[in-house]
There are 2 protein chains.
Amino acid sequence: MQPLNGKLFTPEDVAILRDIICNRRDVRGNRFLDRPVEEDVLQQLLDAAMHAPSVGFSQPWEFVLIKDTGIKQQVKESFIIENEKAAPVFEAEKQATYIHLKLEGIMEAPLNIAVFYKPADRPVLGQTSMEEAGMYSVVCAIQNMWLMARALNLGIGWVSILDAEKVKRIVKAPEQNKLVAYLCVGYTDGFYTQPELELVHWEKRKAVEKAVFYERY
Amino acid sequence: MQPLNGKLFTPEDVAILRDIICNRRDVRGNRFLDRPVEEDVLQQLLDAAMHAPSVGFSQPWEFVLIKDTGIKQQVKESFIIENEKAAPVFEAEKQATYIHLKLEGIMEAPLNIAVFYKPADRPVLGQTSMEEAGMYSVVCAIQNMWLMARALNLGIGWVSILDAEKVKRIVKAPEQNKLVAYLCVGYTDGFYTQPELELVHWEKRKAVEKAVFYERY
């Protein structure tokens with residue numbers, strides 16, 4: 001088994017990847033355009049996801065593509081309930097900001113994708129000590145898709161203010177599946193130059209030195 | 001707040017991203033070269049990680065950079081124990097393959113990175129209904145780093161056959177932190193043309209149609 005590939009990327013390729021990574025944004029309903037996502041564009045997103053790393057090459061991801069207004073409306077209702085519960089947990093000053101933030105684009109985005117982790121029915125190589133590696137594989141697929149979307153000038157927003165069990169029931173997901181993400185996908189009128197929560201001074205960007213330790217904590 | 005960025009990527013940029021995504025591999029100890037990772041290259045990896053999406057812009061990732069042989073050796077010992085427990089769970093035919101697979105590069109890779117999720121000490125926007133969104137943010141950072149490594153022609157291998165609590169103790173991680181990944185990083189003598197577990201017929205690549213559902217299951 002020696003099919004080694006000598007493919008070398010160039011500094012120009014590195015610069016393009018960096019540009020895509022740094023210009024990726026979480027896109028919400030105030031930015032989505034009413035323009036459908038073309039079938040070949042959707043296939044490019046799914047192709048990027050399918051080439052993500054996965055523990056034991058298990059590829060444990062499933063994607064439910066949702067365009068139906070009735071289904072989106074049910075998911076939106078779950079968002080509204082969870083979002084009403086969320087606001088009061090923040091301190092007074094932040095609550096005022098919170099309620100003015102547009103935090104999802106479920107109805108506005110022409111395409112929603114519910115992304116699930118489907119556990120294997122037999123042991124998976126590499127997943128015997130860290131069960132979570134299966135869910136992590138699904139997240140790698142989502143990040144591949146998100147970067148590919150940005151390269152295609154398409155916005156994605158990840159909605160996590162949802163009752164995962166309700167969403168599972170809405171799309172009739174098998175009991176053993178786990179909802180990892182609910183994505184809103186569509187063209188946008190532009191991408192912010194910085195993360196929206198940085199622009200509104202909700203959180204500051206962390207310096208790399210604050211996140212790095214040498215040899216041990 | 002309208003700093004919208006009109007930056008548009010081109011089909012050539014899309015092709016480069018696809019190439020990086022499809023040529024990324026999980027690299028193990030039989031492929032790493034004995035060549036240090038330069039400081040500026042390491043900074044590019046960390047920079048890619050720091051620009052990942054994170055729930056509520058919480059950036060909950062921490063990276064422990066390990067070069068010390070003694071620390072690596074302790075982690076390797078955890079791998080050996082967990083790997084011995086893992087082999088018997090597979091059926092007879094697969095066990096024979098399993099014991100011949102090189103599944104980590106802890107000692108061979110010049111750099112190891114233990115990646116942790118550090119929970120916030122106050123509520124995080126978007127994490128109020130789905131607590132796991134914090135760990136998922138860390139995985140997004142890892143995937144960014146993995147793609148950047150590939151663009152820099154650097155290999156990364158993700159070792160999940162470890163006792164996470166032991167690794168925490170080895171690097172003296174705070175109790176509340178959670179080990180998400182243990183990465184082996186270094187230059188390599190090449191990248192396989194396909195995932196190694198596909199080449200050795202451990203698992204087949206899934207067709208996209210098997211992973212996609214329309215509107216609901």
# chains A, B, ... in the order shown; residues from 1 in each chain; ligands from 1
>>> closest_atom_pairs(of="range 91-158 of chain B", to="range 47-52 of chain A", cutoff="12 Å", atoms="only C-alpha atoms", output="Markdown table")
| residue | atom | partner | partner_atom | distance |
| --- | --- | --- | --- | --- |
| B:Val139 | CA | A:Ala52 | CA | 11.9 |
| B:Cys140 | CA | A:Ala52 | CA | 11.4 |
| B:Ile142 | CA | A:Ala52 | CA | 11.8 |
| B:Gln143 | CA | A:Ala52 | CA | 8.6 |
| B:Asn144 | CA | A:Ala52 | CA | 11.3 |
| B:Trp146 | CA | A:Ala52 | CA | 10.3 |
| B:Leu147 | CA | A:Ala52 | CA | 9.9 |
>>> residues_around(residues="Val37 in chain A", least_positions_apart="2", cutoff="12 Å", atoms="only C-alpha atoms", output="compact mmCIF listing (two decimals) with N, CA, C and O atoms, in the first residue's frame")
# COMPACT_ATOMS: atom_id res chain seq x y z
N PHE A 32 -30.08 37.22 4.26
CA PHE A 32 -30.34 36.26 3.18
C PHE A 32 -31.16 36.89 2.06
O PHE A 32 -32.07 37.68 2.30
N LEU A 33 -30.83 36.51 0.83
CA LEU A 33 -31.59 36.94 -0.34
C LEU A 33 -32.61 35.86 -0.71
O LEU A 33 -32.40 34.68 -0.45
N ASP A 34 -33.67 36.32 -1.33
CA ASP A 34 -34.71 35.40 -1.78
C ASP A 34 -34.31 34.84 -3.15
O ASP A 34 -34.84 35.23 -4.19
N ARG A 35 -33.32 33.98 -3.12
CA ARG A 35 -32.78 33.42 -4.37
C ARG A 35 -32.42 31.97 -4.10
O ARG A 35 -31.68 31.68 -3.16
N GLU A 39 -28.89 23.52 -7.77
CA GLU A 39 -28.62 22.11 -7.47
C GLU A 39 -27.12 21.80 -7.53
O GLU A 39 -26.60 21.09 -6.66
N ASP A 40 -26.39 22.34 -8.48
CA ASP A 40 -24.96 22.01 -8.58
C ASP A 40 -24.16 22.66 -7.45
O ASP A 40 -23.15 22.12 -7.00
N VAL A 41 -24.64 23.80 -6.97
CA VAL A 41 -23.99 24.46 -5.84
C VAL A 41 -24.21 23.62 -4.57
O VAL A 41 -23.28 23.36 -3.80
N LEU A 42 -25.45 23.15 -4.40
CA LEU A 42 -25.76 22.29 -3.26
C LEU A 42 -24.89 21.03 -3.29
O LEU A 42 -24.36 20.58 -2.27
N GLN A 43 -24.72 20.47 -4.47
CA GLN A 43 -23.89 19.26 -4.59
C GLN A 43 -22.44 19.54 -4.18
O GLN A 43 -21.77 18.68 -3.60
N GLN A 44 -21.95 20.74 -4.48
CA GLN A 44 -20.58 21.09 -4.08
C GLN A 44 -20.45 21.19 -2.55
O GLN A 44 -19.43 20.83 -1.97
N LEU A 45 -21.52 21.70 -1.91
CA LEU A 45 -21.51 21.76 -0.44
C LEU A 45 -21.48 20.35 0.15
O LEU A 45 -20.70 20.04 1.05
N LEU A 65 -32.40 17.95 3.93
CA LEU A 65 -32.50 19.21 3.19
C LEU A 65 -33.95 19.70 3.25
O LEU A 65 -34.85 18.99 2.80
N ILE A 66 -34.15 20.86 3.81
CA ILE A 66 -35.51 21.35 4.06
C ILE A 66 -35.78 22.66 3.31
O ILE A 66 -35.08 23.65 3.50
N LYS A 67 -36.81 22.62 2.46
CA LYS A 67 -37.25 23.84 1.78
C LYS A 67 -38.72 24.13 2.11
O LYS A 67 -39.20 25.24 1.91
N ALA A 109 -33.89 31.95 4.84
CA ALA A 109 -32.96 31.17 4.01
C ALA A 109 -33.76 30.21 3.13
O ALA A 109 -34.64 29.50 3.63
N PRO A 110 -33.46 30.15 1.84
CA PRO A 110 -34.23 29.26 0.97
C PRO A 110 -34.03 27.78 1.30
O PRO A 110 -34.89 26.96 1.03
N LEU A 111 -32.88 27.49 1.93
CA LEU A 111 -32.56 26.09 2.24
C LEU A 111 -32.14 25.96 3.70
O LEU A 111 -31.31 26.74 4.18
N ASN A 112 -32.71 25.02 4.41
CA ASN A 112 -32.26 24.67 5.76
C ASN A 112 -31.69 23.25 5.67
O ASN A 112 -32.16 22.42 4.89
N ALA A 149 -19.16 26.85 1.28
CA ALA A 149 -20.22 27.83 1.05
C ALA A 149 -19.62 29.23 0.89
O ALA A 149 -19.95 29.96 -0.05
N LEU A 152 -18.08 29.78 -2.33
CA LEU A 152 -19.12 29.91 -3.37
C LEU A 152 -19.95 31.18 -3.15
O LEU A 152 -20.97 31.38 -3.81
N ASN A 153 -19.51 32.02 -2.20
CA ASN A 153 -20.19 33.28 -1.88
C ASN A 153 -21.62 33.08 -1.40
O ASN A 153 -22.53 33.85 -1.71
N LEU A 154 -21.77 32.01 -0.64
CA LEU A 154 -23.06 31.60 -0.11
C LEU A 154 -22.97 31.66 1.41
O LEU A 154 -21.96 31.26 2.00
N GLY A 155 -24.00 32.15 2.07
CA GLY A 155 -23.98 32.26 3.52
C GLY A 155 -24.54 31.03 4.22
O GLY A 155 -25.46 30.40 3.71
N ILE A 156 -23.97 30.73 5.38
CA ILE A 156 -24.54 29.69 6.26
C ILE A 156 -24.64 30.28 7.66
O ILE A 156 -23.74 30.96 8.12
N CYS A 184 -28.90 27.29 8.22
CA CYS A 184 -29.67 28.09 7.28
C CYS A 184 -28.71 28.48 6.15
O CYS A 184 -27.63 29.01 6.41
N VAL A 185 -29.11 28.18 4.92
CA VAL A 185 -28.20 28.31 3.78
C VAL A 185 -28.82 29.16 2.69
O VAL A 185 -29.97 28.94 2.31
N GLY A 186 -28.07 30.12 2.18
CA GLY A 186 -28.58 30.91 1.07
C GLY A 186 -27.64 32.02 0.65
O GLY A 186 -26.65 32.29 1.32
N TYR A 187 -27.96 32.63 -0.47
CA TYR A 187 -27.16 33.78 -0.90
C TYR A 187 -27.46 34.95 0.03
O TYR A 187 -28.49 34.99 0.71
N THR A 188 -26.53 35.89 0.05
CA THR A 188 -26.62 36.98 1.00
C THR A 188 -26.29 38.29 0.29
O THR A 188 -25.67 38.28 -0.77
>>> atom_distance(atom1="CA of Arg216 in chain A", atom2="CA of Gly157 in chain B")
20.0 Å
>>> closest_residue(among="B:Ser54, B:Lys72, B:Glu62, B:Leu125", to="chain A", atoms="only C-alpha atoms")
B:Glu62
>>> closest_residue(among="B:Ala133, B:Leu197, B:Ile16, B:Leu179", to="Asp163 in chain B", atoms="only C-alpha atoms")
B:Leu179
>>> residues_around(residues="range 3-13 of chain B", least_positions_apart="5", cutoff="9 Å", atoms="only C-alpha atoms", output="ChimeraX atom specification")
/A:13,16-17,20,23,150-153,189-194,199 /B:18
>>> write_last_selection(atoms="N, CA, C and O atoms", output="CSV table (one decimal), in the first residue's frame")
chain,number,residue,atom,x,y,z
A,13,ASP,N,-1.9,29.2,-2.6
A,13,ASP,CA,-3.1,28.3,-2.2
A,13,ASP,C,-3.3,28.6,-0.7
A,13,ASP,O,-4.5,28.7,-0.3
A,16,ILE,N,-5.2,31.8,-0.2
A,16,ILE,CA,-6.6,31.7,-0.6
A,16,ILE,C,-7.4,31.0,0.6
A,16,ILE,O,-8.4,31.5,1.0
A,17,LEU,N,-6.8,29.9,1.1
A,17,LEU,CA,-7.5,29.2,2.2
A,17,LEU,C,-7.7,30.1,3.4
A,17,LEU,O,-8.7,30.2,4.0
A,20,ILE,N,-10.5,32.5,2.8
A,20,ILE,CA,-11.8,31.9,2.9
A,20,ILE,C,-12.1,31.7,4.4
A,20,ILE,O,-13.2,32.1,4.9
A,23,ASN,N,-12.8,35.1,6.1
A,23,ASN,CA,-14.0,35.8,5.6
A,23,ASN,C,-15.3,35.0,5.9
A,23,ASN,O,-16.4,35.5,5.5
A,150,ARG,N,-18.7,29.6,1.8
A,150,ARG,CA,-18.1,30.9,1.7
A,150,ARG,C,-17.3,31.1,0.4
A,150,ARG,O,-17.4,32.2,-0.2
A,151,ALA,N,-16.6,30.1,-0.1
A,151,ALA,CA,-15.9,30.2,-1.3
A,151,ALA,C,-16.9,30.3,-2.5
A,151,ALA,O,-16.6,31.0,-3.5
A,152,LEU,N,-18.1,29.8,-2.3
A,152,LEU,CA,-19.1,29.9,-3.4
A,152,LEU,C,-20.0,31.2,-3.1
A,152,LEU,O,-21.0,31.4,-3.8
A,153,ASN,N,-19.5,32.0,-2.2
A,153,ASN,CA,-20.2,33.3,-1.9
A,153,ASN,C,-21.6,33.1,-1.4
A,153,ASN,O,-22.5,33.8,-1.7
A,189,ASP,N,-26.7,39.4,0.9
A,189,ASP,CA,-26.4,40.7,0.3
A,189,ASP,C,-25.0,41.2,0.7
A,189,ASP,O,-24.5,42.2,0.3
A,190,GLY,N,-24.2,40.3,1.4
A,190,GLY,CA,-22.8,40.7,1.8
A,190,GLY,C,-22.4,40.0,3.0
A,190,GLY,O,-23.3,39.4,3.7
A,191,PHE,N,-21.2,40.0,3.3
A,191,PHE,CA,-20.6,39.4,4.5
A,191,PHE,C,-20.0,40.5,5.4
A,191,PHE,O,-19.3,41.3,4.8
A,192,TYR,N,-20.3,40.5,6.7
A,192,TYR,CA,-19.6,41.5,7.5
A,192,TYR,C,-18.1,41.3,7.5
A,192,TYR,O,-17.6,40.2,7.3
A,193,THR,N,-17.4,42.4,7.7
A,193,THR,CA,-16.0,42.4,7.7
A,193,THR,C,-15.4,41.7,9.0
A,193,THR,O,-14.3,41.2,9.0
A,194,GLN,N,-16.2,41.6,10.1
A,194,GLN,CA,-15.9,41.0,11.3
A,194,GLN,C,-17.1,40.2,11.8
A,194,GLN,O,-18.2,40.4,11.4
A,199,LEU,N,-18.7,43.0,16.2
A,199,LEU,CA,-19.1,44.3,15.8
A,199,LEU,C,-20.0,45.0,16.8
A,199,LEU,O,-19.9,46.2,17.0
B,18,ARG,N,-11.5,22.9,-2.7
B,18,ARG,CA,-11.9,21.5,-2.9
B,18,ARG,C,-10.7,20.6,-2.9
B,18,ARG,O,-10.7,19.5,-2.4
>>> select_by_dssp(residues="range 4-215 of chain A", states="strand (DSSP E or B)", output="ChimeraX atom specification")
/A:4-5,26,32,61-66,111-117,154-159,178-188,191-192,212-214
>>> write_last_selection(atoms="N, CA, C and O atoms", output="short mmCIF file (atom, residue, chain, number, x, y, z; two decimals), in the first residue's frame")
data_model
loop_
_atom_site.label_atom_id
_atom_site.label_comp_id
_atom_site.auth_asym_id
_atom_site.auth_seq_id
_atom_site.Cartn_x
_atom_site.Cartn_y
_atom_site.Cartn_z
N LEU A 4 1.27 6.96 -2.51
CA LEU A 4 1.50 8.28 -1.92
C LEU A 4 1.37 9.35 -3.00
O LEU A 4 1.82 9.17 -4.13
N ASN A 5 0.77 10.41 -2.60
CA ASN A 5 0.48 11.51 -3.52
C ASN A 5 1.45 12.65 -3.20
O ASN A 5 1.50 13.11 -2.07
N ASP A 26 -21.14 33.81 10.20
CA ASP A 26 -22.42 33.21 10.53
C ASP A 26 -23.48 34.17 10.01
O ASP A 26 -23.59 35.30 10.49
N PHE A 32 -30.08 37.22 4.26
CA PHE A 32 -30.34 36.26 3.18
C PHE A 32 -31.16 36.89 2.06
O PHE A 32 -32.07 37.68 2.30
N TRP A 61 -22.47 10.93 9.06
CA TRP A 61 -23.29 12.12 8.90
C TRP A 61 -24.52 11.86 8.04
O TRP A 61 -24.51 11.08 7.10
N GLU A 62 -25.60 12.56 8.37
CA GLU A 62 -26.81 12.54 7.53
C GLU A 62 -27.35 13.97 7.44
O GLU A 62 -27.31 14.71 8.42
N PHE A 63 -27.85 14.31 6.27
CA PHE A 63 -28.28 15.67 6.01
C PHE A 63 -29.73 15.67 5.55
O PHE A 63 -30.07 15.02 4.57
N VAL A 64 -30.58 16.41 6.27
CA VAL A 64 -31.97 16.55 5.85
C VAL A 64 -32.12 17.94 5.22
O VAL A 64 -31.95 18.96 5.90
N LEU A 65 -32.40 17.95 3.93
CA LEU A 65 -32.50 19.21 3.19
C LEU A 65 -33.95 19.70 3.25
O LEU A 65 -34.85 18.99 2.80
N ILE A 66 -34.15 20.86 3.81
CA ILE A 66 -35.51 21.35 4.06
C ILE A 66 -35.78 22.66 3.31
O ILE A 66 -35.08 23.65 3.50
N LEU A 111 -32.88 27.49 1.93
CA LEU A 111 -32.56 26.09 2.24
C LEU A 111 -32.14 25.96 3.70
O LEU A 111 -31.31 26.74 4.18
N ASN A 112 -32.71 25.02 4.41
CA ASN A 112 -32.26 24.67 5.76
C ASN A 112 -31.69 23.25 5.67
O ASN A 112 -32.16 22.42 4.89
N ILE A 113 -30.66 22.99 6.46
CA ILE A 113 -30.11 21.62 6.51
C ILE A 113 -30.00 21.19 7.98
O ILE A 113 -29.27 21.81 8.75
N ALA A 114 -30.74 20.15 8.32
CA ALA A 114 -30.61 19.55 9.66
C ALA A 114 -29.55 18.47 9.54
O ALA A 114 -29.67 17.56 8.71
N VAL A 115 -28.49 18.60 10.34
CA VAL A 115 -27.37 17.67 10.22
C VAL A 115 -27.36 16.73 11.43
O VAL A 115 -27.36 17.19 12.58
N PHE A 116 -27.35 15.45 11.15
CA PHE A 116 -27.44 14.43 12.20
C PHE A 116 -26.19 13.56 12.26
O PHE A 116 -25.53 13.33 11.26
N TYR A 117 -25.95 13.07 13.48
CA TYR A 117 -24.97 12.01 13.70
C TYR A 117 -25.75 10.71 13.79
O TYR A 117 -26.69 10.61 14.58
N LEU A 154 -21.77 32.01 -0.64
CA LEU A 154 -23.06 31.60 -0.11
C LEU A 154 -22.97 31.66 1.41
O LEU A 154 -21.96 31.26 2.00
N GLY A 155 -24.00 32.15 2.07
CA GLY A 155 -23.98 32.26 3.52
C GLY A 155 -24.54 31.03 4.22
O GLY A 155 -25.46 30.40 3.71
N ILE A 156 -23.97 30.73 5.38
CA ILE A 156 -24.54 29.69 6.26
C ILE A 156 -24.64 30.28 7.66
O ILE A 156 -23.74 30.96 8.12
N GLY A 157 -25.75 30.00 8.32
CA GLY A 157 -25.90 30.35 9.73
C GLY A 157 -26.23 29.09 10.51
O GLY A 157 -27.05 28.28 10.06
N TRP A 158 -25.59 28.91 11.65
CA TRP A 158 -25.79 27.71 12.49
C TRP A 158 -26.72 28.12 13.62
O TRP A 158 -26.35 28.95 14.44
N VAL A 159 -27.91 27.53 13.68
CA VAL A 159 -28.88 27.84 14.73
C VAL A 159 -28.78 26.78 15.83
O VAL A 159 -29.06 25.61 15.60
N LYS A 178 -28.64 11.75 16.41
CA LYS A 178 -28.50 12.93 17.26
C LYS A 178 -28.40 14.17 16.37
O LYS A 178 -27.58 14.21 15.44
N LEU A 179 -29.20 15.18 16.66
CA LEU A 179 -29.10 16.43 15.91
C LEU A 179 -27.82 17.15 16.33
O LEU A 179 -27.63 17.45 17.51
N VAL A 180 -26.95 17.40 15.37
CA VAL A 180 -25.71 18.12 15.68
C VAL A 180 -25.87 19.60 15.34
O VAL A 180 -25.45 20.46 16.10
N ALA A 181 -26.47 19.88 14.20
CA ALA A 181 -26.60 21.28 13.79
C ALA A 181 -27.83 21.50 12.95
O ALA A 181 -28.31 20.58 12.29
N TYR A 182 -28.32 22.73 13.00
CA TYR A 182 -29.40 23.14 12.11
C TYR A 182 -28.89 24.37 11.35
O TYR A 182 -28.62 25.41 11.96
N LEU A 183 -28.71 24.21 10.04
CA LEU A 183 -28.07 25.27 9.25
C LEU A 183 -29.06 25.98 8.34
O LEU A 183 -29.94 25.36 7.74
N CYS A 184 -28.90 27.29 8.22
CA CYS A 184 -29.67 28.09 7.28
C CYS A 184 -28.71 28.48 6.15
O CYS A 184 -27.63 29.01 6.41
N VAL A 185 -29.11 28.18 4.92
CA VAL A 185 -28.20 28.31 3.78
C VAL A 185 -28.82 29.16 2.69
O VAL A 185 -29.97 28.94 2.31
N GLY A 186 -28.07 30.12 2.18
CA GLY A 186 -28.58 30.91 1.07
C GLY A 186 -27.64 32.02 0.65
O GLY A 186 -26.65 32.29 1.32
N TYR A 187 -27.96 32.63 -0.47
CA TYR A 187 -27.16 33.78 -0.90
C TYR A 187 -27.46 34.95 0.03
O TYR A 187 -28.49 34.99 0.71
N THR A 188 -26.53 35.89 0.05
CA THR A 188 -26.62 36.98 1.00
C THR A 188 -26.29 38.29 0.29
O THR A 188 -25.67 38.28 -0.77
N PHE A 191 -21.16 40.02 3.30
CA PHE A 191 -20.62 39.38 4.51
C PHE A 191 -20.00 40.48 5.35
O PHE A 191 -19.28 41.34 4.83
N TYR A 192 -20.26 40.47 6.66
CA TYR A 192 -19.63 41.46 7.53
C TYR A 192 -18.12 41.29 7.53
O TYR A 192 -17.60 40.19 7.35
N VAL A 212 -2.93 29.48 24.18
CA VAL A 212 -1.84 28.53 23.95
C VAL A 212 -1.04 28.27 25.23
O VAL A 212 -0.73 29.20 25.98
N PHE A 213 -0.72 26.99 25.46
CA PHE A 213 0.09 26.58 26.60
C PHE A 213 1.23 25.72 26.07
O PHE A 213 1.08 25.07 25.04
N TYR A 214 2.35 25.75 26.78
CA TYR A 214 3.51 25.00 26.32
C TYR A 214 3.79 23.80 27.22
O TYR A 214 3.98 23.97 28.43
#
>>> residues_around(residues="Ala173 in chain B", least_positions_apart="3", cutoff="8 Å", atoms="only C-alpha atoms", output="ChimeraX atom specification")
/A:216-217 /B:168-170,177
>>> closest_residue(among="A:Val167, A:Met148, A:Ile106, A:Ala120", to="chain B", atoms="only C-alpha atoms")
A:Met148
>>> atom_distance(atom1="CA of Gly126 in chain B", atom2="CA of Glu38 in chain A")
29.4 Å
>>> select_by_dssp(residues="range 28-105 of chain A", states="alpha helix (DSSP H)", output="PyMOL selection string")
chain A and resi 39-50+69-86+92-100
>>> closest_residue(among="B:Thr97, B:Ala86, B:Asn30, B:Gln176", to="chain A", atoms="only C-alpha atoms")
B:Ala86
>>> residues_around(residues="Phe79 in chain A", least_positions_apart="2", cutoff="8 Å", atoms="only C-alpha atoms", output="VMD selection string")
chain A and resid 75 to 77 81 to 83 161 to 163
>>> closest_residue(among="A:Ser78, A:Lys85, A:Gly105, A:Ala92", to="Gly29 in chain A", atoms="only C-alpha atoms")
A:Gly105
